[in-house]
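Participant: This one is upload.txt, compact mmCIF, C-alpha atoms.
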```
# COMPACT_ATOMS: atom_id res chain seq x y z
CA MET A 237 -14.81 -42.66 40.34
CA LEU A 238 -15.19 -39.51 38.25
CA SER A 239 -17.70 -41.19 35.96
CA ARG A 240 -19.79 -42.30 38.97
CA CYS A 241 -19.81 -38.74 40.27
CA PHE A 242 -21.03 -37.44 36.94
CA ARG A 243 -23.80 -39.98 36.81
CA SER A 244 -24.94 -39.05 40.29
CA ILE A 245 -25.37 -35.36 39.43
CA ALA A 246 -26.53 -35.37 35.83
CA ARG A 247 -29.51 -36.90 34.13
CA ALA A 248 -29.10 -39.19 31.17
CA HIS A 249 -29.24 -37.83 27.65
CA ARG A 250 -29.87 -40.01 24.69
CA ILE A 251 -29.82 -38.95 21.07
CA THR A 252 -30.64 -41.33 18.29
CA ALA A 253 -29.82 -40.40 14.73
CA ASN A 254 -32.77 -40.96 12.43
CA LEU A 255 -31.33 -39.73 9.19
CA SER A 256 -32.60 -40.55 5.74
CA SER A 257 -30.30 -41.07 2.77
CA VAL A 258 -29.83 -38.20 0.39
CA SER A 259 -30.71 -38.61 -3.25
CA SER A 260 -27.61 -36.74 -4.44
CA LEU A 261 -24.95 -38.91 -6.00
CA THR A 262 -22.31 -37.32 -3.77
CA TRP A 263 -23.82 -38.50 -0.51
CA LYS A 264 -23.96 -41.99 0.97
CA SER A 265 -26.61 -43.35 3.29
CA PRO A 266 -25.80 -42.21 6.82
CA ASN A 267 -24.74 -44.53 9.57
CA THR A 268 -27.81 -45.26 11.72
CA THR A 269 -25.86 -46.35 14.80
CA PRO A 270 -27.43 -44.46 17.72
CA PHE A 271 -25.32 -41.93 19.63
CA GLN A 272 -25.76 -42.09 23.38
CA VAL A 273 -24.50 -39.72 26.05
CA ARG A 274 -24.85 -41.23 29.50
CA SER A 275 -23.98 -38.12 31.40
CA VAL A 276 -23.44 -34.41 30.85
CA ALA A 277 -21.26 -32.62 33.37
CA THR A 278 -23.49 -29.62 33.90
CA ALA A 279 -26.57 -27.98 32.49
CA ILE A 280 -25.41 -24.62 31.21
CA GLU A 281 -27.33 -22.16 29.09
CA PRO A 282 -24.72 -20.86 26.63
CA VAL A 283 -25.10 -17.42 25.15
CA ALA A 284 -24.03 -18.10 21.59
CA GLY A 285 -26.59 -16.14 19.58
CA PHE A 286 -26.73 -18.77 16.84
CA ASP A 287 -29.80 -17.11 15.32
CA GLU A 288 -27.60 -14.10 14.63
CA MET A 289 -24.99 -16.35 13.02
CA VAL A 290 -27.38 -18.26 10.79
CA ILE A 291 -29.56 -15.41 9.50
CA GLY A 292 -28.50 -13.58 6.37
CA PRO A 293 -25.86 -14.33 3.75
CA GLN A 294 -23.32 -11.64 4.59
CA ARG A 295 -21.21 -13.10 7.40
CA LYS A 296 -19.77 -16.11 5.61
CA TYR A 297 -16.37 -16.96 7.11
CA TYR A 298 -15.86 -18.34 10.63
CA PHE A 299 -12.39 -19.09 12.02
CA LEU A 300 -12.10 -21.14 15.23
CA GLY A 301 -8.76 -21.10 16.99
CA GLY A 302 -6.94 -21.26 20.29
CA LYS A 303 -4.51 -23.32 22.33
CA GLY A 304 -3.84 -26.90 21.25
CA GLY A 305 -6.06 -29.57 22.78
CA VAL A 306 -9.00 -27.37 23.80
CA GLY A 307 -11.52 -28.85 21.33
CA LYS A 308 -11.26 -26.48 18.37
CA THR A 309 -11.98 -29.22 15.83
CA SER A 310 -15.10 -30.47 17.62
CA CYS A 311 -16.41 -26.92 17.95
CA ALA A 312 -15.69 -26.12 14.30
CA ALA A 313 -17.19 -29.37 13.02
CA SER A 314 -20.32 -29.00 15.18
CA LEU A 315 -20.78 -25.43 13.91
CA ALA A 316 -20.45 -26.58 10.30
CA VAL A 317 -22.99 -29.37 10.88
CA LYS A 318 -25.44 -26.93 12.45
CA PHE A 319 -25.05 -24.45 9.59
CA ALA A 320 -25.76 -27.25 7.11
CA ASP A 321 -28.78 -28.42 9.12
CA HIS A 322 -30.14 -24.88 8.92
CA GLY A 323 -30.00 -24.82 5.14
CA HIS A 324 -26.57 -23.29 4.52
CA PRO A 325 -24.38 -25.16 2.02
CA THR A 326 -21.19 -25.28 4.07
CA ILE A 327 -17.49 -26.10 3.82
CA VAL A 328 -15.35 -26.90 6.85
CA ILE A 329 -11.60 -26.76 6.20
CA SER A 330 -8.72 -27.75 8.47
CA THR A 331 -5.59 -25.61 8.25
CA ASP A 332 -3.83 -27.57 10.99
CA PRO A 333 -0.91 -29.66 9.65
CA ALA A 334 -1.85 -32.30 12.26
CA HIS A 335 -5.40 -32.85 11.10
CA SER A 336 -8.15 -34.34 13.26
CA LEU A 337 -11.16 -33.38 11.15
CA SER A 338 -11.40 -36.93 9.77
CA ASP A 339 -11.48 -38.27 13.33
CA SER A 340 -14.13 -35.75 14.32
CA PHE A 341 -16.46 -36.75 11.46
CA SER A 342 -15.42 -40.43 11.70
CA GLN A 343 -14.83 -40.33 7.96
CA ASP A 344 -11.77 -40.29 5.69
CA LEU A 345 -11.33 -36.67 4.55
CA THR A 346 -7.68 -36.91 3.48
CA GLY A 347 -6.38 -36.14 0.01
CA GLY A 348 -6.49 -32.36 -0.08
CA THR A 349 -9.82 -32.16 -1.96
CA LEU A 350 -13.39 -31.39 -0.94
CA VAL A 351 -15.15 -34.49 0.39
CA PRO A 352 -18.94 -34.64 1.00
CA VAL A 353 -19.73 -35.36 4.64
CA GLU A 354 -22.03 -38.35 5.06
CA GLY A 355 -25.14 -38.37 7.21
CA LEU A 356 -26.69 -34.99 6.39
CA ASN A 357 -29.60 -33.93 4.21
CA SER A 358 -27.98 -30.67 3.10
CA PRO A 359 -24.58 -30.03 1.53
CA LEU A 360 -21.62 -30.12 3.88
CA TYR A 361 -18.13 -30.63 2.48
CA ALA A 362 -14.88 -31.02 4.39
CA LEU A 363 -11.28 -30.44 3.36
CA GLU A 364 -8.01 -31.33 5.07
CA ILE A 365 -5.09 -29.50 3.47
CA ASP A 366 -2.47 -32.02 2.41
CA PRO A 367 0.97 -30.60 3.32
CA GLU A 368 2.84 -33.27 1.33
CA LYS A 369 0.88 -32.46 -1.80
CA ALA A 370 1.61 -28.79 -1.19
CA LYS A 371 5.34 -29.50 -0.99
CA GLU A 372 5.24 -31.38 -4.28
CA ASP A 373 3.31 -28.54 -5.92
CA PHE A 374 5.88 -26.09 -4.62
CA ARG A 375 8.80 -28.11 -5.96
CA SER A 376 7.24 -28.44 -9.40
CA ALA A 377 6.28 -24.76 -9.58
CA SER A 378 9.46 -23.18 -8.24
CA GLN A 379 12.29 -24.51 -10.39
CA SER A 380 15.35 -22.27 -10.24
CA LYS A 381 15.45 -21.48 -13.95
CA ASP A 382 11.79 -20.45 -13.97
CA PHE A 383 12.43 -18.24 -10.96
CA LEU A 384 15.37 -16.55 -12.68
CA ASN A 385 13.35 -16.15 -15.86
CA ASN A 386 10.65 -14.36 -13.90
CA MET A 387 13.28 -12.06 -12.45
CA GLY A 388 14.61 -11.33 -15.95
CA LEU A 389 17.80 -13.33 -15.39
CA GLY A 390 16.91 -16.61 -17.07
CA MET A 391 19.91 -16.35 -19.39
CA LEU A 392 22.21 -16.73 -16.35
CA ALA A 393 20.52 -19.85 -14.97
CA ASP A 394 22.90 -22.27 -16.66
CA GLN A 395 25.93 -20.30 -15.50
CA LEU A 396 24.71 -20.46 -11.90
CA GLY A 397 24.08 -24.19 -12.02
CA GLU A 398 27.24 -25.03 -10.12
CA LEU A 399 25.97 -23.05 -7.12
CA LYS A 400 23.08 -25.53 -6.75
CA LEU A 401 20.64 -22.67 -6.41
CA GLY A 402 17.88 -25.02 -7.46
CA GLU A 403 18.22 -27.06 -4.28
CA LEU A 404 17.55 -23.94 -2.23
CA LEU A 405 14.59 -22.81 -4.30
CA ASP A 406 13.10 -26.31 -4.47
CA THR A 407 12.96 -26.59 -0.67
CA PRO A 408 9.50 -25.72 0.68
CA PRO A 409 9.79 -22.66 2.93
CA PRO A 410 8.59 -22.41 6.53
CA GLY A 411 4.94 -21.40 6.67
CA LEU A 412 3.98 -23.33 3.52
CA ASP A 413 0.93 -24.78 5.32
CA GLU A 414 -0.31 -21.28 6.10
CA ALA A 415 0.42 -20.14 2.54
CA LEU A 416 -1.61 -23.02 1.14
CA ALA A 417 -4.47 -22.16 3.49
CA ILE A 418 -4.36 -18.59 2.19
CA SER A 419 -4.51 -19.88 -1.39
CA LYS A 420 -7.66 -21.82 -0.46
CA VAL A 421 -9.21 -18.68 0.99
CA MET A 422 -8.41 -16.91 -2.28
CA GLN A 423 -10.16 -19.69 -4.19
CA PHE A 424 -13.24 -19.36 -2.01
CA VAL A 425 -13.34 -15.61 -2.53
CA GLU A 426 -12.70 -15.53 -6.28
CA SER A 427 -13.92 -18.79 -7.80
CA SER A 428 -17.51 -19.16 -8.96
CA GLN A 429 -17.15 -22.87 -8.12
CA TYR A 430 -17.60 -22.03 -4.43
CA SER A 431 -20.26 -19.36 -4.79
CA MET A 432 -22.98 -21.85 -3.80
CA PHE A 433 -21.51 -22.16 -0.29
CA SER A 434 -22.94 -19.60 2.11
CA ARG A 435 -20.85 -20.62 5.14
CA ILE A 436 -17.15 -21.56 5.32
CA VAL A 437 -15.76 -22.70 8.69
CA PHE A 438 -12.00 -22.88 9.33
CA ASP A 439 -10.61 -25.28 11.92
CA THR A 440 -7.29 -23.55 12.49
CA ALA A 441 -3.99 -24.78 13.88
CA PRO A 442 -2.87 -23.92 17.44
CA THR A 443 -2.30 -20.27 18.27
CA GLY A 444 1.16 -19.69 16.78
CA HIS A 445 0.30 -21.19 13.39
CA THR A 446 -2.98 -19.29 13.28
CA LEU A 447 -1.35 -15.94 13.97
CA ARG A 448 1.10 -16.61 11.13
CA LEU A 449 -1.80 -17.51 8.86
CA LEU A 450 -3.66 -14.30 9.64
CA SER A 451 -0.55 -12.12 9.29
CA LEU A 452 0.56 -13.75 6.04
CA PRO A 453 -1.37 -11.42 3.69
CA ASP A 454 0.39 -8.37 5.16
CA PHE A 455 3.76 -10.10 4.94
CA LEU A 456 3.25 -11.21 1.34
CA ASP A 457 1.94 -7.80 0.34
CA ALA A 458 5.10 -6.15 1.67
CA SER A 459 7.35 -8.87 0.22
CA LEU A 460 5.79 -8.68 -3.23
CA GLY A 461 6.20 -4.92 -3.16
CA LYS A 462 9.93 -5.35 -2.51
CA VAL A 463 10.24 -7.97 -5.26
CA MET A 464 8.55 -5.66 -7.74
CA LYS A 465 10.86 -2.79 -6.78
CA LEU A 466 13.90 -5.07 -7.12
CA ARG A 467 12.80 -6.21 -10.54
CA LYS A 468 12.37 -2.64 -11.73
CA LYS A 469 15.92 -1.85 -10.60
CA LEU A 470 17.23 -4.92 -12.42
CA ALA A 471 15.25 -4.19 -15.57
CA SER A 472 17.68 -1.70 -17.08
CA ALA A 473 20.74 -3.89 -16.36
CA THR A 474 19.17 -7.06 -17.69
CA SER A 475 17.92 -5.32 -20.83
CA ALA A 476 21.49 -4.25 -21.60
CA ILE A 477 22.78 -7.78 -21.10
CA LYS A 478 20.00 -9.20 -23.24
CA SER A 479 20.85 -6.82 -26.06
CA VAL A 480 24.44 -8.09 -26.00
CA PHE A 481 23.21 -11.68 -26.33
CA ARG A 482 20.51 -10.60 -28.80
CA LYS A 483 17.73 -11.86 -26.56
CA ALA A 484 14.97 -9.48 -27.47
CA GLU A 485 12.10 -11.47 -25.98
CA GLU A 486 10.87 -10.00 -22.71
CA GLN A 487 8.39 -11.47 -20.27
CA GLN A 488 6.15 -8.49 -19.90
CA ASP A 489 3.50 -10.40 -18.00
CA VAL A 490 5.61 -11.02 -14.88
CA PRO A 491 5.01 -7.61 -13.25
CA ASP A 492 1.31 -7.99 -14.06
CA LYS A 493 1.20 -11.40 -12.37
CA LEU A 494 2.99 -10.08 -9.32
CA GLU A 495 0.59 -7.16 -9.12
CA GLN A 496 -2.39 -9.50 -9.47
CA LEU A 497 -1.07 -11.68 -6.66
CA ARG A 498 -0.51 -8.61 -4.53
CA GLU A 499 -4.08 -7.44 -5.13
CA ARG A 500 -5.36 -10.87 -4.15
CA MET A 501 -3.41 -10.71 -0.90
CA LYS A 502 -4.99 -7.34 -0.20
CA LYS A 503 -8.43 -8.87 -0.75
CA VAL A 504 -7.68 -11.69 1.71
CA ARG A 505 -6.30 -9.21 4.26
CA ASP A 506 -9.42 -7.04 3.95
CA LEU A 507 -11.58 -10.16 4.24
CA PHE A 508 -9.93 -11.17 7.52
CA ARG A 509 -10.61 -7.70 8.93
CA ASP A 510 -14.17 -7.25 7.68
CA SER A 511 -16.55 -7.79 10.60
CA ASN A 512 -19.48 -7.97 8.18
CA THR A 513 -18.17 -11.11 6.47
CA THR A 514 -15.75 -12.69 8.96
CA GLU A 515 -15.65 -13.69 12.62
CA PHE A 516 -12.91 -15.35 14.67
CA VAL A 517 -14.15 -17.51 17.56
CA ILE A 518 -11.64 -18.26 20.33
CA VAL A 519 -11.86 -21.71 21.94
CA THR A 520 -10.35 -22.39 25.36
CA ILE A 521 -10.75 -24.53 28.48
CA PRO A 522 -11.08 -23.35 32.11
CA THR A 523 -7.43 -23.50 33.13
CA VAL A 524 -5.13 -20.62 33.99
CA MET A 525 -2.68 -21.45 31.21
CA ALA A 526 -5.38 -21.71 28.54
CA ILE A 527 -7.09 -18.48 29.64
CA ASN A 528 -3.78 -16.60 29.61
CA GLU A 529 -3.01 -17.81 26.09
CA SER A 530 -6.52 -16.88 24.94
CA SER A 531 -6.00 -13.38 26.32
CA ARG A 532 -2.75 -13.02 24.38
CA LEU A 533 -4.41 -14.41 21.26
CA HIS A 534 -7.21 -11.86 21.46
CA ALA A 535 -4.69 -9.06 21.98
CA SER A 536 -2.88 -10.13 18.79
CA LEU A 537 -6.12 -10.45 16.85
CA ARG A 538 -7.27 -7.03 18.03
CA LYS A 539 -3.94 -5.51 17.00
CA ASP A 540 -4.43 -6.95 13.51
CA CYS A 541 -8.06 -5.75 13.44
CA ILE A 542 -9.46 -9.31 13.24
CA PRO A 543 -13.09 -9.28 14.50
CA VAL A 544 -13.76 -11.44 17.58
CA GLN A 545 -17.13 -11.66 19.33
CA ARG A 546 -17.28 -15.05 21.06
CA LEU A 547 -15.20 -17.10 23.48
CA ILE A 548 -16.02 -20.79 23.93
CA VAL A 549 -14.98 -22.22 27.31
CA ASN A 550 -15.03 -25.97 26.77
CA GLN A 551 -15.20 -28.93 29.20
CA ILE A 552 -16.93 -27.23 32.15
CA LEU A 553 -17.32 -29.48 35.21
CA PRO A 554 -20.42 -29.48 37.44
CA LEU A 555 -20.87 -28.50 41.05
CA SER A 556 -20.25 -31.80 42.84
CA VAL A 557 -23.00 -33.16 45.09
CA SER A 558 -21.04 -36.25 46.11
CA ASP A 559 -17.89 -36.89 48.13
CA CYS A 560 -15.69 -36.78 45.01
CA LYS A 561 -12.69 -34.79 46.26
CA PHE A 562 -11.12 -34.75 42.82
CA CYS A 563 -14.30 -33.26 41.29
CA THR A 564 -14.51 -30.60 43.99
CA ALA A 565 -10.86 -29.57 43.60
CA LYS A 566 -11.09 -29.53 39.82
CA ARG A 567 -14.27 -27.48 39.94
CA LYS A 568 -12.58 -24.89 42.18
CA ASP A 569 -9.71 -24.59 39.71
CA GLN A 570 -12.13 -24.10 36.83
CA MET A 571 -14.15 -21.48 38.69
CA ARG A 572 -10.92 -19.61 39.42
CA ALA A 573 -10.11 -19.64 35.71
CA LEU A 574 -13.61 -18.48 34.78
CA GLY A 575 -13.20 -15.64 37.24
CA MET A 576 -10.05 -14.61 35.39
CA ILE A 577 -12.11 -14.15 32.22
CA GLU A 578 -14.45 -11.71 33.97
CA LYS A 579 -11.47 -9.59 35.07
CA ASP A 580 -9.40 -9.91 31.88
CA PRO A 581 -9.51 -6.70 29.79
CA GLU A 582 -9.08 -8.70 26.59
CA LEU A 583 -11.78 -11.31 27.21
CA SER A 584 -14.37 -9.84 29.57
CA HIS A 585 -16.39 -8.10 26.85
CA LEU A 586 -16.74 -11.20 24.64
CA LYS A 587 -19.85 -13.38 24.53
CA ILE A 588 -18.95 -16.35 26.73
CA ILE A 589 -20.15 -19.78 25.57
CA GLN A 590 -19.78 -22.44 28.27
CA ALA A 591 -19.61 -25.96 26.81
CA PRO A 592 -20.19 -28.80 29.32
CA LEU A 593 -18.06 -31.90 29.65
CA VAL A 594 -19.70 -35.15 28.47
CA ASP A 595 -18.69 -38.71 29.22
CA VAL A 596 -18.12 -39.84 25.61
CA GLU A 597 -16.00 -38.76 22.68
CA ILE A 598 -17.67 -36.42 20.21
CA ARG A 599 -17.19 -38.33 16.95
CA GLY A 600 -19.45 -38.62 13.94
CA VAL A 601 -22.34 -36.48 12.68
CA PRO A 602 -24.91 -37.55 15.35
CA ALA A 603 -22.46 -36.66 18.14
CA LEU A 604 -21.58 -33.36 16.46
CA LYS A 605 -25.28 -32.53 16.20
CA PHE A 606 -25.61 -33.22 19.92
CA MET A 607 -22.67 -30.95 20.71
CA GLY A 608 -23.95 -28.27 18.36
CA ASN A 609 -27.30 -28.22 20.12
CA MET A 610 -25.56 -27.70 23.47
CA VAL A 611 -23.05 -25.06 22.31
CA TRP A 612 -24.56 -23.14 19.41
CA LYS A 613 -27.86 -21.84 20.80
```
Just dump the structure as C-alpha cells.
Facilitator:
Amino acid sequence: MLSRCFRSIARAHRITANLSSVSSLTWKSPNTTPFQVRSVATAIEPVAGFDEMVIGPQRKYYFLGGKGGVGKTSCAASLAVKFADHGHPTIVISTDPAHSLSDSFSQDLTGGTLVPVEGLNSPLYALEIDPEKAKEDFRSASQSKDFLNNMGLGMLADQLGELKLGELLDTPPPGLDEALAISKVMQFVESSQYSMFSRIVFDTAPTGHTLRLLSLPDFLDASLGKVMKLRKKLASATSAIKSVFRKAEEQQDVPDKLEQLRERMKKVRDLFRDSNTTEFVIVTIPTVMAINESSRLHASLRKDCIPVQRLIVNQILPLSVSDCKFCTAKRKDQMRALGMIEKDPELSHLKIIQAPLVDVEIRGVPALKFMGNMVWK
C-alpha cells in the first residue's frame, strides 16, 4: 500500500554505475550491477553547502552522530564516497561497536585495518574498529607487574601476587571502544602514513557512546595528571625501599611517557574543538523522540565547544496525493517534528539538510553515490 502511494506521487529514478577498474593494485574492478531506485518519497532541495565542505584542505575531520537507527552510517559513507569522487583521498572509520559500515558498502571491512573500498577511481579506505582485537591488545599491554614497574613498585609485584591484582588489571575497562577510537584519531593526527588523506569521516556510535568519545580527552588529561602527581608522591618512598634492596635502576622514562600521552590527549581535545579542522554533523529523523535527543546532543556538544553546523533530517515522507491514510498521518507527524526544529533553541540555527525516503536499501557504492547526490549538495 505504502509503496503504491510512493509510486503514484514520485517519478522514477534510475542510476546505473558505469565505473572503470582502477589500475592501483589495492583496488578491484567494481561491481557493474546497476542500482535502481523506483521511487523517491519527495523532491527536496537540501541546503548542505557541499562546495564549502569540499574546497580547501583545512577542514579535514567530519564526525556524524545521533540517535541509533537514524541512518548515520549511510550518511557518513555517502559523504566519504562524495569526498573521494571530488578528488579527496578519504578514510571513513566506524567507532560504533556494532558496526554496519561493511553492510553499507556491501564489502567485508572487518579486521581492524584499513581496507580499500572497491568501485571508485580515487582512494577511499574504510576501517571498522575491532573491539575484540582491542581487548587482546589491552590484556597483553597491561600486565600487573608492568603496571607496578611503571609506578615504581615493580619490586612488590611478586608479593602482591596472592591478591590476584593481575586479573583486575587484565580486564578491559568500560569505554575501551572509545579509547581505541581516540588512539586512531591520534594516529591520523601524528603519523605521516596518513598525511596523504585530506578527509577523514567518522561514523560514530549512538549518542551516549559518542559523548563519551568526545569527552575522553578531557577525562584522560585529568586522570593522567593525577597519576603523575601520585607517582611523584610515591617517588621518595619507593627510592628508600629500593635502596634497602639495592635496586638502583630507575625507570626515568615513565614520567616522560605519561607527559607525552597527556600532550597527545590535549592535541586530540583541541582538534575536536577546532572549527577550522573539525565539524560534527547531527543526523536525525522527523520524530519527536529523535528531535528531542538531537537537541540534547547539540546542547552537550555546545557545552564541550564541539563545532556543529549541519543537521540532517533523514527519511522525509512526501505530501500524499492519494487516499493513503497511513501516509497522510505519518506526514502530519513528521511535519510536527520538523516544526519543533524551527522552534528549538539548540537546533533552529543549524543548516537543515532534508534527506528523502527511497524505496530501496542504500547499499554499495552506486547506491551511496545516489544518496550523496541527494543529500550533499
Participant: What is the distance between atom CA of Ile327 of chain A and atom CA of Leu363 of chain A, in Å to one decimal?
Facilitator: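 Between atom CA of Ile327 of chain A and atom CA of Leu363 of chain A the gap is 7.6 Å.
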Participant: Show me, as a list in words, the residues that have an atom within 10 Å of Arg572 of chain A when counting only C-alpha atoms, minus same-chain residues fewer than 4 positions from it.
Facilitator: Pro522, Thr523, Val524, Lys566, Arg567, Lys568, Met576 and Ile577 of chain A
Participant: Find the axis-aligned box for segment 526-538 of chain A, covering all its listed atoms and adding 4 Å on each side, and write its centre and edge lengths in Å to one decimal as AutoDock Vina command-line options.
Facilitator:
```
--center_x -5.0 --center_y -14.4 --center_z 23.2 --size_x 12.5 --size_y 22.7 --size_z 20.8
```
Participant: Would you mind reading off the distance between atom CA of Asn512 of chain A and atom CA of Val601 of chain A, one decimal, in Å?
Facilitator: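 Interatomic distance, atom CA of Asn512 of chain A to atom CA of Val601 of chain A: 29.0 Å.
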Participant: Tell me which of A:Ala316, A:Leu300, A:Gly305, A:Ala415 sits closest to Leu604 of chain A, counting all atoms listed in the file.
Facilitator: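 Ranked by minimum distance to Leu604 of chain A, first place goes to A:Ala316.
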